[in-house]
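Text of run-v1.pdb, listed as PDB, C-alpha atoms and all ligand atoms:
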```
ATOM      1  CA  MET A  19      20.817 -26.755   5.354
ATOM      2  CA  PRO A  20      22.742 -23.853   6.910
ATOM      3  CA  THR A  21      20.733 -21.001   8.359
ATOM      4  CA  ILE A  22      21.261 -17.470   7.075
ATOM      5  CA  PRO A  23      23.489 -15.205   9.173
ATOM      6  CA  SER A  24      22.807 -11.522   9.730
ATOM      7  CA  MET A  25      24.652  -8.414   8.573
ATOM      8  CA  LYS A  26      28.163  -7.406   9.678
ATOM      9  CA  GLY A  27      27.655  -5.899  13.164
ATOM     10  CA  ASP A  28      29.419  -3.376  15.447
ATOM     11  CA  GLY A  29      27.759  -0.530  13.557
ATOM     12  CA  PHE A  30      29.335  -1.596  10.250
ATOM     13  CA  TYR A  31      26.005  -2.191   8.509
ATOM     14  CA  ASP A  32      24.672   1.170   9.657
ATOM     15  CA  GLN A  33      27.796   2.921   8.373
ATOM     16  CA  HIS A  34      27.704   1.194   4.984
ATOM     17  CA  SER A  35      24.028   1.076   4.074
ATOM     18  CA  GLN A  36      23.608   4.282   2.074
ATOM     19  CA  VAL A  37      22.489   2.172  -0.873
ATOM     20  CA  GLN A  38      19.639   0.630   1.126
ATOM     21  CA  GLU A  39      18.796   4.076   2.512
ATOM     22  CA  GLN A  40      18.413   5.349  -1.028
ATOM     23  CA  PHE A  41      16.021   2.473  -1.784
ATOM     24  CA  ILE A  42      13.821   3.564   1.120
ATOM     25  CA  LEU A  43      13.867   7.185  -0.007
ATOM     26  CA  SER A  44      13.062   6.200  -3.580
ATOM     27  CA  SER A  45       9.771   4.612  -2.554
ATOM     28  CA  GLN A  46       8.320   7.309  -0.298
ATOM     29  CA  ASP A  47       5.203   7.417  -2.450
ATOM     30  CA  LEU A  48       4.255   3.907  -1.299
ATOM     31  CA  ILE A  49       4.603   4.833   2.367
ATOM     32  CA  GLU A  50       2.572   8.001   1.918
ATOM     33  CA  GLU A  51      -0.163   6.149   0.078
ATOM     34  CA  ALA A  52      -0.302   3.353   2.680
ATOM     35  CA  ALA A  53      -0.563   5.861   5.542
ATOM     36  CA  ARG A  54      -3.468   7.570   3.740
ATOM     37  CA  ALA A  55      -5.276   4.377   2.803
ATOM     38  CA  ILE A  56      -5.261   2.027   5.808
ATOM     39  CA  PRO A  57      -8.498   1.660   7.776
ATOM     40  CA  LEU A  58      -8.075   3.097  11.275
ATOM     41  CA  PRO A  59      -9.227   1.154  14.335
ATOM     42  CA  GLU A  60     -11.816   2.861  16.548
ATOM     43  CA  ASN A  61     -10.189   1.397  19.642
ATOM     44  CA  GLY A  62      -6.815  -0.141  20.254
ATOM     45  CA  PRO A  63      -3.435   0.429  18.663
ATOM     46  CA  ILE A  64      -2.409   0.913  15.054
ATOM     47  CA  GLY A  65       0.223  -1.718  14.275
ATOM     48  CA  LEU A  66       3.272  -0.919  12.095
ATOM     49  CA  ALA A  67       6.171  -3.283  11.435
ATOM     50  CA  ASP A  68       9.527  -3.195   9.703
ATOM     51  CA  LEU A  69      10.738  -6.667   8.774
ATOM     52  CA  GLY A  70      14.523  -7.050   8.549
ATOM     53  CA  CYS A  71      15.505  -3.940  10.549
ATOM     54  CA  SER A  72      19.230  -4.750  10.992
ATOM     55  CA  GLU A  73      21.102  -2.319  13.291
ATOM     56  CA  GLY A  74      18.326   0.200  12.930
ATOM     57  CA  LYS A  75      19.578   3.395  11.268
ATOM     58  CA  ASN A  76      17.515   2.954   8.116
ATOM     59  CA  SER A  77      14.666   1.143   9.855
ATOM     60  CA  LEU A  78      14.191   3.890  12.435
ATOM     61  CA  MET A  79      14.328   6.589   9.757
ATOM     62  CA  LEU A  80      11.620   4.736   7.830
ATOM     63  CA  MET A  81       9.371   4.085  10.805
ATOM     64  CA  ARG A  82       9.708   7.649  12.113
ATOM     65  CA  LYS A  83       8.525   8.901   8.746
ATOM     66  CA  LEU A  84       5.657   6.425   8.749
ATOM     67  CA  THR A  85       4.542   7.323  12.284
ATOM     68  CA  GLN A  86       4.523  11.041  11.345
ATOM     69  CA  LEU A  87       2.296  10.274   8.379
ATOM     70  CA  VAL A  88      -0.100   8.075  10.351
ATOM     71  CA  ARG A  89      -0.225  10.669  13.159
ATOM     72  CA  GLN A  90      -1.690  13.168  10.703
ATOM     73  CA  ARG A  91      -4.786  10.940  10.626
ATOM     74  CA  SER A  92      -5.032   9.462  14.114
ATOM     75  CA  GLN A  93      -4.009   9.985  17.731
ATOM     76  CA  GLN A  94      -4.616   6.318  18.600
ATOM     77  CA  PRO A  95      -1.653   4.493  20.194
ATOM     78  CA  LEU A  96       0.914   3.279  17.663
ATOM     79  CA  MET A  97       2.584  -0.086  18.172
ATOM     80  CA  ILE A  98       5.805  -0.422  16.176
ATOM     81  CA  THR A  99       7.586  -3.753  15.736
ATOM     82  CA  HIS A 100      11.154  -3.916  14.452
ATOM     83  CA  ASN A 101      11.905  -7.470  13.362
ATOM     84  CA  ASP A 102      15.103  -9.280  12.403
ATOM     85  CA  LEU A 103      16.842 -12.629  12.938
ATOM     86  CA  PRO A 104      18.162 -13.655  16.378
ATOM     87  CA  ALA A 105      21.762 -13.184  15.125
ATOM     88  CA  ASN A 106      21.125  -9.503  14.375
ATOM     89  CA  ASN A 107      23.184  -6.913  16.272
ATOM     90  CA  TRP A 108      20.339  -6.175  18.678
ATOM     91  CA  ASN A 109      22.610  -4.337  21.140
ATOM     92  CA  GLY A 110      23.411  -1.897  18.354
ATOM     93  CA  PHE A 111      19.732  -1.651  17.455
ATOM     94  CA  PHE A 112      18.702  -0.769  21.018
ATOM     95  CA  ARG A 113      21.439   1.855  21.239
ATOM     96  CA  ASN A 114      19.861   3.497  18.197
ATOM     97  CA  LEU A 115      16.303   3.235  19.526
ATOM     98  CA  THR A 116      15.588   6.635  21.039
ATOM     99  CA  PRO A 117      11.943   7.327  22.049
ATOM    100  CA  TYR A 118       9.501   7.786  19.172
ATOM    101  CA  GLY A 119       7.190  10.128  21.069
ATOM    102  CA  PRO A 120       4.063  10.113  23.210
ATOM    103  CA  ASN A 121       1.739   7.145  22.877
ATOM    104  CA  ILE A 122       4.083   5.357  20.453
ATOM    105  CA  TRP A 123       5.228   1.954  21.631
ATOM    106  CA  ALA A 124       8.224   0.268  20.039
ATOM    107  CA  GLN A 125       9.223  -3.357  20.413
ATOM    108  CA  ALA A 126      11.771  -5.637  18.799
ATOM    109  CA  ASN A 127      11.141  -9.152  17.624
ATOM    110  CA  ALA A 128      13.839 -11.720  16.837
ATOM    111  CA  THR A 129      11.970 -14.288  14.736
ATOM    112  CA  SER A 130      12.303 -15.198  11.100
ATOM    113  CA  PHE A 131       9.644 -13.337   9.135
ATOM    114  CA  PHE A 132       8.737 -16.526   7.291
ATOM    115  CA  GLN A 133       6.425 -17.016  10.258
ATOM    116  CA  PRO A 134       4.118 -14.472  11.939
ATOM    117  CA  VAL A 135       5.950 -11.972  14.152
ATOM    118  CA  VAL A 136       2.923 -10.265  15.790
ATOM    119  CA  PRO A 137      -0.527 -11.592  16.857
ATOM    120  CA  PRO A 138      -3.184 -12.195  14.172
ATOM    121  CA  GLY A 139      -5.050  -9.157  12.884
ATOM    122  CA  THR A 140      -2.942  -6.574  14.757
ATOM    123  CA  LEU A 141      -0.914  -5.060  11.917
ATOM    124  CA  HIS A 142      -1.924  -2.154   9.676
ATOM    125  CA  ILE A 143       1.279  -1.605   7.675
ATOM    126  CA  ALA A 144       4.176  -4.044   7.199
ATOM    127  CA  CYS A 145       7.353  -2.874   5.412
ATOM    128  CA  CYS A 146      10.209  -5.023   4.166
ATOM    129  CA  TYR A 147      13.162  -3.256   2.525
ATOM    130  CA  SER A 148      16.211  -4.859   0.870
ATOM    131  CA  THR A 149      15.484  -8.116   2.649
ATOM    132  CA  VAL A 150      12.874 -10.415   1.127
ATOM    133  CA  HIS A 151      15.365 -11.673  -1.496
ATOM    134  CA  TRP A 152      17.203 -13.544   1.318
ATOM    135  CA  LEU A 153      16.167 -17.194   1.382
ATOM    136  CA  SER A 154      14.998 -18.881   4.594
ATOM    137  CA  GLN A 155      17.656 -21.553   4.110
ATOM    138  CA  LEU A 156      20.007 -22.861   1.466
ATOM    139  CA  PRO A 157      18.830 -26.166  -0.001
ATOM    140  CA  PRO A 158      21.456 -28.610  -1.344
ATOM    141  CA  VAL A 159      22.378 -27.390  -4.836
ATOM    142  CA  PRO A 160      23.561 -30.182  -7.201
ATOM    143  CA  ASN A 161      26.243 -28.106  -8.938
ATOM    144  CA  PRO A 162      27.134 -25.222  -6.610
ATOM    145  CA  ASN A 163      29.204 -23.176  -9.082
ATOM    146  CA  GLY A 164      28.461 -19.646 -10.161
ATOM    147  CA  VAL A 165      27.670 -17.966  -6.771
ATOM    148  CA  LEU A 166      24.233 -16.624  -7.740
ATOM    149  CA  PHE A 167      21.211 -18.568  -9.084
ATOM    150  CA  ALA A 168      21.334 -16.524 -12.299
ATOM    151  CA  LEU A 169      24.859 -17.744 -13.076
ATOM    152  CA  MET A 170      24.119 -21.425 -12.397
ATOM    153  CA  GLU A 171      23.198 -24.295 -14.673
ATOM    154  CA  PRO A 172      19.426 -24.983 -14.999
ATOM    155  CA  GLN A 173      19.109 -27.885 -12.553
ATOM    156  CA  SER A 174      20.813 -25.995  -9.726
ATOM    157  CA  ARG A 175      18.974 -22.822 -10.551
ATOM    158  CA  LYS A 176      15.659 -24.728 -10.338
ATOM    159  CA  VAL A 177      16.400 -25.803  -6.748
ATOM    160  CA  LEU A 178      16.783 -22.137  -5.782
ATOM    161  CA  VAL A 179      13.754 -21.049  -7.826
ATOM    162  CA  ASP A 180      11.653 -23.581  -5.902
ATOM    163  CA  GLN A 181      13.037 -22.552  -2.509
ATOM    164  CA  ALA A 182      12.316 -18.898  -3.330
ATOM    165  CA  ALA A 183       8.738 -19.745  -4.371
ATOM    166  CA  ARG A 184       8.095 -21.614  -1.089
ATOM    167  CA  ASP A 185       9.639 -18.752   0.892
ATOM    168  CA  TRP A 186       7.628 -16.016  -0.819
ATOM    169  CA  GLU A 187       4.400 -17.895  -0.190
ATOM    170  CA  ALA A 188       5.303 -18.498   3.495
ATOM    171  CA  PHE A 189       6.156 -14.792   3.837
ATOM    172  CA  LEU A 190       2.821 -13.733   2.320
ATOM    173  CA  GLN A 191       0.838 -16.192   4.417
ATOM    174  CA  ALA A 192       2.450 -14.918   7.608
ATOM    175  CA  ARG A 193       1.626 -11.307   6.629
ATOM    176  CA  ALA A 194      -1.921 -12.302   5.680
ATOM    177  CA  GLU A 195      -2.441 -13.554   9.239
ATOM    178  CA  GLU A 196      -1.029 -10.417  10.831
ATOM    179  CA  LEU A 197      -2.598  -7.694   8.694
ATOM    180  CA  VAL A 198      -6.114  -6.316   9.216
ATOM    181  CA  PRO A 199      -8.375  -6.248   6.123
ATOM    182  CA  GLY A 200      -7.264  -3.223   4.103
ATOM    183  CA  GLY A 201      -3.805  -3.303   5.742
ATOM    184  CA  ARG A 202      -0.748  -2.744   3.531
ATOM    185  CA  LEU A 203       2.387  -4.689   2.778
ATOM    186  CA  ILE A 204       5.224  -2.685   1.188
ATOM    187  CA  ILE A 205       8.268  -4.411  -0.236
ATOM    188  CA  VAL A 206      11.384  -3.149  -1.959
ATOM    189  CA  SER A 207      13.666  -5.942  -3.018
ATOM    190  CA  GLY A 208      16.389  -6.750  -5.533
ATOM    191  CA  GLY A 209      14.679  -7.931  -8.705
ATOM    192  CA  ASN A 210      15.030  -9.514 -12.110
ATOM    193  CA  GLN A 211      13.689  -8.116 -15.352
ATOM    194  CA  ASP A 212      14.146 -10.448 -18.319
ATOM    195  CA  GLY A 213      17.468 -11.738 -16.992
ATOM    196  CA  ASP A 214      18.691  -8.289 -15.968
ATOM    197  CA  VAL A 215      19.317  -9.310 -12.361
ATOM    198  CA  ALA A 216      20.246  -7.070  -9.429
ATOM    199  CA  GLY A 217      24.039  -6.772  -9.090
ATOM    200  CA  LEU A 218      24.808  -9.349 -11.806
ATOM    201  CA  LYS A 219      28.111  -7.794 -12.914
ATOM    202  CA  MET A 220      29.296  -7.704  -9.326
ATOM    203  CA  TYR A 221      28.327 -11.373  -8.788
ATOM    204  CA  ARG A 222      30.303 -12.320 -11.920
ATOM    205  CA  LEU A 223      33.312 -10.511 -10.534
ATOM    206  CA  LEU A 224      32.877 -12.214  -7.161
ATOM    207  CA  ASP A 225      32.641 -15.638  -8.804
ATOM    208  CA  GLN A 226      35.861 -14.958 -10.714
ATOM    209  CA  ILE A 227      37.664 -13.860  -7.522
ATOM    210  CA  LEU A 228      36.502 -16.942  -5.570
ATOM    211  CA  GLN A 229      37.790 -19.158  -8.375
ATOM    212  CA  GLU A 230      41.145 -17.359  -8.431
ATOM    213  CA  LEU A 231      41.466 -17.848  -4.686
ATOM    214  CA  GLY A 232      40.550 -21.549  -4.946
ATOM    215  CA  HIS A 233      37.634 -20.886  -2.588
ATOM    216  CA  PRO A 234      35.279 -23.869  -2.048
ATOM    217  CA  PRO A 235      32.054 -23.628  -4.099
ATOM    218  CA  PHE A 236      29.781 -20.998  -2.631
ATOM    219  CA  VAL A 237      26.076 -20.328  -3.203
ATOM    220  CA  MET A 238      24.641 -16.972  -2.218
ATOM    221  CA  PRO A 239      21.385 -17.651  -0.284
ATOM    222  CA  ILE A 240      19.647 -14.922  -2.257
ATOM    223  CA  TYR A 241      17.038 -15.057  -4.999
ATOM    224  CA  TYR A 242      15.949 -11.986  -6.964
ATOM    225  CA  ARG A 243      12.380 -12.549  -8.174
ATOM    226  CA  ASP A 244      10.864 -11.226 -11.349
ATOM    227  CA  GLU A 245       7.526  -9.465 -11.395
ATOM    228  CA  GLN A 246       5.619 -12.565 -12.374
ATOM    229  CA  GLU A 247       7.101 -14.579  -9.491
ATOM    230  CA  ILE A 248       6.134 -11.782  -7.120
ATOM    231  CA  ARG A 249       2.578 -11.590  -8.433
ATOM    232  CA  GLN A 250       1.904 -15.300  -8.794
ATOM    233  CA  PRO A 251       0.811 -16.286  -5.221
ATOM    234  CA  LEU A 252      -0.653 -12.923  -4.185
ATOM    235  CA  GLU A 253      -4.278 -13.625  -4.841
ATOM    236  CA  ARG A 254      -4.401 -17.037  -3.181
ATOM    237  CA  CYS A 255      -2.643 -15.548  -0.136
ATOM    238  CA  GLY A 256      -5.347 -12.868   0.113
ATOM    239  CA  PHE A 257      -3.555  -9.836  -1.357
ATOM    240  CA  GLN A 258      -4.417  -7.341  -4.047
ATOM    241  CA  VAL A 259      -1.777  -5.354  -5.943
ATOM    242  CA  GLU A 260      -1.865  -1.606  -5.311
ATOM    243  CA  GLN A 261       1.448  -0.848  -7.022
ATOM    244  CA  CYS A 262       4.161  -2.971  -8.548
ATOM    245  CA  ARG A 263       7.002  -1.488 -10.546
ATOM    246  CA  ILE A 264      10.535  -2.270 -11.613
ATOM    247  CA  GLN A 265      12.957   0.455 -10.677
ATOM    248  CA  ARG A 266      16.564   0.852 -11.719
ATOM    249  CA  LEU A 267      18.875   2.713  -9.402
ATOM    250  CA  THR A 268      22.571   3.277  -9.481
ATOM    251  CA  THR A 269      24.313   3.627  -6.124
ATOM    252  CA  PRO A 270      25.181   6.922  -4.411
ATOM    253  CA  PHE A 271      28.829   5.872  -4.945
ATOM    254  CA  ALA A 272      28.365   5.615  -8.707
ATOM    255  CA  GLU A 273      26.760   9.060  -8.713
ATOM    256  CA  GLN A 274      29.738  10.406  -6.777
ATOM    257  CA  LEU A 275      32.102   8.730  -9.271
ATOM    258  CA  GLU A 276      30.277  10.522 -12.082
ATOM    259  CA  ARG A 277      30.900  13.821 -10.320
ATOM    260  CA  ASP A 278      34.506  13.437  -9.137
ATOM    261  CA  GLY A 279      35.960  10.547 -11.196
ATOM    262  CA  ASP A 280      37.598   9.210  -8.014
ATOM    263  CA  ARG A 281      37.736   5.467  -8.689
ATOM    264  CA  GLN A 282      39.654   4.637  -5.475
ATOM    265  CA  LYS A 283      36.921   6.177  -3.375
ATOM    266  CA  TYR A 284      34.240   4.491  -5.468
ATOM    267  CA  ALA A 285      35.921   1.114  -4.946
ATOM    268  CA  LYS A 286      36.344   1.637  -1.202
ATOM    269  CA  ASP A 287      32.734   2.734  -0.629
ATOM    270  CA  THR A 288      31.306   0.001  -2.839
ATOM    271  CA  THR A 289      33.411  -2.656  -1.112
ATOM    272  CA  GLY A 290      32.164  -1.382   2.277
ATOM    273  CA  PHE A 291      28.581  -1.732   1.080
ATOM    274  CA  LEU A 292      29.272  -5.301  -0.102
ATOM    275  CA  ARG A 293      31.165  -6.361   3.028
ATOM    276  CA  ALA A 294      28.274  -5.210   5.227
ATOM    277  CA  TRP A 295      26.073  -8.041   3.964
ATOM    278  CA  MET A 296      28.547 -10.517   2.453
ATOM    279  CA  GLU A 297      31.308 -10.800   5.012
ATOM    280  CA  PRO A 298      29.350 -12.922   7.527
ATOM    281  CA  LEU A 299      28.984 -15.487   4.696
ATOM    282  CA  LEU A 300      32.362 -14.991   3.007
ATOM    283  CA  PRO A 301      34.806 -13.932   5.729
ATOM    284  CA  ASP A 302      38.115 -14.293   3.808
ATOM    285  CA  PRO A 303      39.593 -10.725   3.816
ATOM    286  CA  ARG A 304      41.450 -11.382   0.543
ATOM    287  CA  ILE A 305      38.108 -11.400  -1.289
ATOM    288  CA  TYR A 306      37.510  -7.764  -0.371
ATOM    289  CA  GLU A 307      41.077  -6.670  -1.065
ATOM    290  CA  ILE A 308      40.824  -8.055  -4.594
ATOM    291  CA  LEU A 309      37.271  -6.764  -5.054
ATOM    292  CA  GLU A 310      38.373  -3.265  -4.126
ATOM    293  CA  GLU A 311      41.354  -3.433  -6.497
ATOM    294  CA  ARG A 312      39.183  -4.656  -9.382
ATOM    295  CA  LEU A 313      36.450  -2.122  -8.725
ATOM    296  CA  ALA A 314      39.059   0.631  -8.747
ATOM    297  CA  ALA A 315      40.557  -0.698 -11.987
ATOM    298  CA  THR A 316      37.265  -1.186 -13.819
ATOM    299  CA  GLY A 317      34.685   1.035 -12.082
ATOM    300  CA  THR A 318      32.265  -1.939 -12.354
ATOM    301  CA  GLU A 319      28.746  -0.713 -11.653
ATOM    302  CA  VAL A 320      26.776  -2.369  -8.845
ATOM    303  CA  ALA A 321      23.528  -1.151 -10.406
ATOM    304  CA  ASN A 322      20.335  -2.485  -8.992
ATOM    305  CA  VAL A 323      17.159  -3.732 -10.571
ATOM    306  CA  GLN A 324      14.436  -3.552  -7.981
ATOM    307  CA  ILE A 325      10.894  -4.618  -7.373
ATOM    308  CA  VAL A 326       8.976  -1.865  -5.605
ATOM    309  CA  ALA A 327       5.480  -2.933  -4.575
ATOM    310  CA  ALA A 328       2.535  -2.333  -2.277
ATOM    311  CA  PHE A 329      -0.230  -4.877  -1.674
ATOM    312  CA  SER A 330      -3.422  -4.574   0.315
ATOM    313  CA  LYS A 331      -4.891  -7.370   2.398
ATOM    314  CA  ARG A 332      -8.398  -8.292   1.275
TER
HETATM  315  C1  LIG B   1      20.288  -5.741   3.840
HETATM  316  S1  LIG B   1      19.616  -5.725   5.442
HETATM  317  C2  LIG B   1      18.310  -4.538   5.264
HETATM  318  C3  LIG B   1      18.106  -3.733   6.527
HETATM  319  C4  LIG B   1      17.108  -2.592   6.407
HETATM  320  N1  LIG B   1      15.792  -3.065   6.038
HETATM  321  C5  LIG B   1      17.583  -1.548   5.427
HETATM  322  O1  LIG B   1      16.849  -1.267   4.467
HETATM  323  O2  LIG B   1      18.674  -0.998   5.606
HETATM  324  C6  LIG B   1      18.713  -7.251   5.499
HETATM  325  C7  LIG B   1      18.250  -7.629   6.895
HETATM  326  O3  LIG B   1      17.289  -8.679   6.797
HETATM  327  C8  LIG B   1      17.494  -9.588   7.842
HETATM  328  N2  LIG B   1      16.864 -10.867   7.493
HETATM  329  C9  LIG B   1      17.241 -11.752   6.546
HETATM  330  N3  LIG B   1      16.421 -12.807   6.565
HETATM  331  C10 LIG B   1      15.495 -12.583   7.547
HETATM  332  C11 LIG B   1      14.393 -13.316   8.060
HETATM  333  N4  LIG B   1      14.077 -14.512   7.570
HETATM  334  N5  LIG B   1      13.663 -12.781   9.074
HETATM  335  C12 LIG B   1      13.980 -11.570   9.588
HETATM  336  N6  LIG B   1      15.023 -10.818   9.134
HETATM  337  C13 LIG B   1      15.776 -11.323   8.137
HETATM  338  C14 LIG B   1      19.014  -9.647   7.965
HETATM  339  O4  LIG B   1      19.405 -10.142   9.230
HETATM  340  C15 LIG B   1      19.378  -8.176   7.767
HETATM  341  O5  LIG B   1      19.454  -7.476   8.979
END
```
Can the structure from this file be put into structure tokens for me?
Ligand SMILES: C[S@@+](CC[C@H](N)C(=O)[O-])C[C@H]1O[C@@H](n2cnc3c(N)ncnc32)[C@H](O)[C@@H]1O
Amino acid sequence: MPTIPSMKGDGFYDQHSQVQEQFILSSQDLIEEAARAIPLPENGPIGLADLGCSEGKNSLMLMRKLTQLVRQRSQQPLMITHNDLPANNWNGFFRNLTPYGPNIWAQANATSFFQPVVPPGTLHIACCYSTVHWLSQLPPVPNPNGVLFALMEPQSRKVLVDQAARDWEAFLQARAEELVPGGRLIIVSGGNQDGDVAGLKMYRLLDQILQELGHPPFVMPIYYRDEQEIRQPLERCGFQVEQCRIQRLTTPFAEQLERDGDRQKYAKDTTGFLRAWMEPLLPDPRIYEILEERLAATGTEVANVQIVAAFSKR
């Protein structure tokens, strides 16, 4: 079972993650509410974590905002953990990590978030943006055609459904250990509403291109959960739902296309966004040349169905 690689490095992810940035900005209400609601320790640090921080541009923007909000309530030390996989571009991350401010301590952690990443009971807010749809590993899929679970035949799809269910439970159990009672977990992730799955048109196009190129069968190690799959294990893992909504966003590139009608630019920007997370898995440059051509010809929308949620630890 291959492990999951990280994003395209050398600053490429940071330069091509405006879509993920927009997802963070679109859920500010959850951050504000969490900062208002968490119980504050009388002694010792307030723990904040961002899980899946990548090269850091978006993660640092998010955590700076969160620290400002928490600072309005407390002058206790803040302990911030930025987490990602060992293969992440950590050199790039540390270049981005300028000081947060007095009495704010930042650390990085290179462990999979399917296990705890900080000591038990030390975390007050955990955030996970555009990340929890990545599987911990890719199980053997009987008929690996179709690229994404949603485009596969039922037996293969079931293997991925089951892997995603095990992963989500492991993720919640790890957070349940780390969070203090009343602590918050915020997630924004690609989602699925009645078969309307994040990026489905784009995945269809990708599948078609891989077939045209005679590429070996490829399974994207991603699963977009629906609301029921998200809610199902919460209670037994010790969480209560504070907010859970489905949100539909276009990309900043599609908005620009609306304004200027420039399809070439739309295709180039959208392909950059896709390469930032796909290229480590699908390195053949021809894929992106064809993708860009087709996106320019068709203006195919990479619209996103998202789960936006906040849970509190009981
Ligand atoms: C699309 S990026 C999102 C980065 C950032 N949160 C943002 O919103 O721009 C997904 C990140 O999750 C990381 N990731 C994937 N699986 C992970 C895991 N099991 N543990 C920690 N990080 C993981 C990837 O390495 C990647 O950097």
Checklist entry - Could you write out as a list in words the residues that the PyMOL selection byres (((chain A and resi 184) around 12) and not hetatm) matches in the shown file? => result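 Evaluating the PyMOL selection byres (((chain A and resi 184) around 12) and not hetatm) on this file yields Phe132, Leu153, Ser154, Gln155, Pro157, Val177, Leu178, Val179, Asp180, Gln181, Ala182, Ala183, Asp185, Trp186, Glu187, Ala188, Phe189, Leu190, Gln191, Tyr241, Glu247, Ile248, Gln250 and Pro251 of chain A.
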Item to check | Within 9 Å of ligand LIG 1 (chain B), counting only C-alpha atoms and all ligand atoms, residues as a VMD selection string | outcome: chain A and resid 22 to 26 31 to 32 35 to 42 68 to 77 80 101 to 107 127 to 133 145 to 155 189 206 294 to 295
Item to check | Explicit residue set for the PyMOL selection byres (((chain A and resi 319-328) around 8) and not hetatm), as a PyMOL selection string | outcome: chain A and resi 45+48+202-211+214-220+244-245+259-269+272+288+317-318+329-330
Same residues, C-alpha atoms, output as an mmCIF file, in the frame of the given file:
```
data_model
loop_
_atom_site.group_PDB
_atom_site.id
_atom_site.type_symbol
_atom_site.label_atom_id
_atom_site.label_comp_id
_atom_site.auth_asym_id
_atom_site.auth_seq_id
_atom_site.Cartn_x
_atom_site.Cartn_y
_atom_site.Cartn_z
ATOM 1 C CA SER A 45 9.771 4.612 -2.554
ATOM 2 C CA LEU A 48 4.255 3.907 -1.299
ATOM 3 C CA ARG A 202 -0.748 -2.744 3.531
ATOM 4 C CA LEU A 203 2.387 -4.689 2.778
ATOM 5 C CA ILE A 204 5.224 -2.685 1.188
ATOM 6 C CA ILE A 205 8.268 -4.411 -0.236
ATOM 7 C CA VAL A 206 11.384 -3.149 -1.959
ATOM 8 C CA SER A 207 13.666 -5.942 -3.018
ATOM 9 C CA GLY A 208 16.389 -6.750 -5.533
ATOM 10 C CA GLY A 209 14.679 -7.931 -8.705
ATOM 11 C CA ASN A 210 15.030 -9.514 -12.110
ATOM 12 C CA GLN A 211 13.689 -8.116 -15.352
ATOM 13 C CA ASP A 214 18.691 -8.289 -15.968
ATOM 14 C CA VAL A 215 19.317 -9.310 -12.361
ATOM 15 C CA ALA A 216 20.246 -7.070 -9.429
ATOM 16 C CA GLY A 217 24.039 -6.772 -9.090
ATOM 17 C CA LEU A 218 24.808 -9.349 -11.806
ATOM 18 C CA LYS A 219 28.111 -7.794 -12.914
ATOM 19 C CA MET A 220 29.296 -7.704 -9.326
ATOM 20 C CA ASP A 244 10.864 -11.226 -11.349
ATOM 21 C CA GLU A 245 7.526 -9.465 -11.395
ATOM 22 C CA VAL A 259 -1.777 -5.354 -5.943
ATOM 23 C CA GLU A 260 -1.865 -1.606 -5.311
ATOM 24 C CA GLN A 261 1.448 -0.848 -7.022
ATOM 25 C CA CYS A 262 4.161 -2.971 -8.548
ATOM 26 C CA ARG A 263 7.002 -1.488 -10.546
ATOM 27 C CA ILE A 264 10.535 -2.270 -11.613
ATOM 28 C CA GLN A 265 12.957 0.455 -10.677
ATOM 29 C CA ARG A 266 16.564 0.852 -11.719
ATOM 30 C CA LEU A 267 18.875 2.713 -9.402
ATOM 31 C CA THR A 268 22.571 3.277 -9.481
ATOM 32 C CA THR A 269 24.313 3.627 -6.124
ATOM 33 C CA ALA A 272 28.365 5.615 -8.707
ATOM 34 C CA THR A 288 31.306 0.001 -2.839
ATOM 35 C CA GLY A 317 34.685 1.035 -12.082
ATOM 36 C CA THR A 318 32.265 -1.939 -12.354
ATOM 37 C CA PHE A 329 -0.230 -4.877 -1.674
ATOM 38 C CA SER A 330 -3.422 -4.574 0.315
#
```
Checklist entry - If you apply the PyMOL selection byres (((chain A and resi 136) around 10) and not hetatm) to this file, what residues do you get, as a list in words? => result Gly65, Ala67, Thr99, Asn101, Asn127, Thr129, Phe131, Gln133, Pro134, Val135, Pro137, Pro138, Gly139, Thr140, Leu141, Ala192, Arg193, Glu195, Glu196 and Leu197 of chain A
Output of the above residues as a PDB file, in the frame of the given file, restricted to C-alpha atoms:
```pdb
ATOM      1  CA  GLY A  65       0.223  -1.718  14.275  1.00  0.00           C
ATOM      2  CA  ALA A  67       6.171  -3.283  11.435  1.00  0.00           C
ATOM      3  CA  THR A  99       7.586  -3.753  15.736  1.00  0.00           C
ATOM      4  CA  ASN A 101      11.905  -7.470  13.362  1.00  0.00           C
ATOM      5  CA  ASN A 127      11.141  -9.152  17.624  1.00  0.00           C
ATOM      6  CA  THR A 129      11.970 -14.288  14.736  1.00  0.00           C
ATOM      7  CA  PHE A 131       9.644 -13.337   9.135  1.00  0.00           C
ATOM      8  CA  GLN A 133       6.425 -17.016  10.258  1.00  0.00           C
ATOM      9  CA  PRO A 134       4.118 -14.472  11.939  1.00  0.00           C
ATOM     10  CA  VAL A 135       5.950 -11.972  14.152  1.00  0.00           C
ATOM     11  CA  PRO A 137      -0.527 -11.592  16.857  1.00  0.00           C
ATOM     12  CA  PRO A 138      -3.184 -12.195  14.172  1.00  0.00           C
ATOM     13  CA  GLY A 139      -5.050  -9.157  12.884  1.00  0.00           C
ATOM     14  CA  THR A 140      -2.942  -6.574  14.757  1.00  0.00           C
ATOM     15  CA  LEU A 141      -0.914  -5.060  11.917  1.00  0.00           C
ATOM     16  CA  ALA A 192       2.450 -14.918   7.608  1.00  0.00           C
ATOM     17  CA  ARG A 193       1.626 -11.307   6.629  1.00  0.00           C
ATOM     18  CA  GLU A 195      -2.441 -13.554   9.239  1.00  0.00           C
ATOM     19  CA  GLU A 196      -1.029 -10.417  10.831  1.00  0.00           C
ATOM     20  CA  LEU A 197      -2.598  -7.694   8.694  1.00  0.00           C
TER      21      LEU A 197
END
```
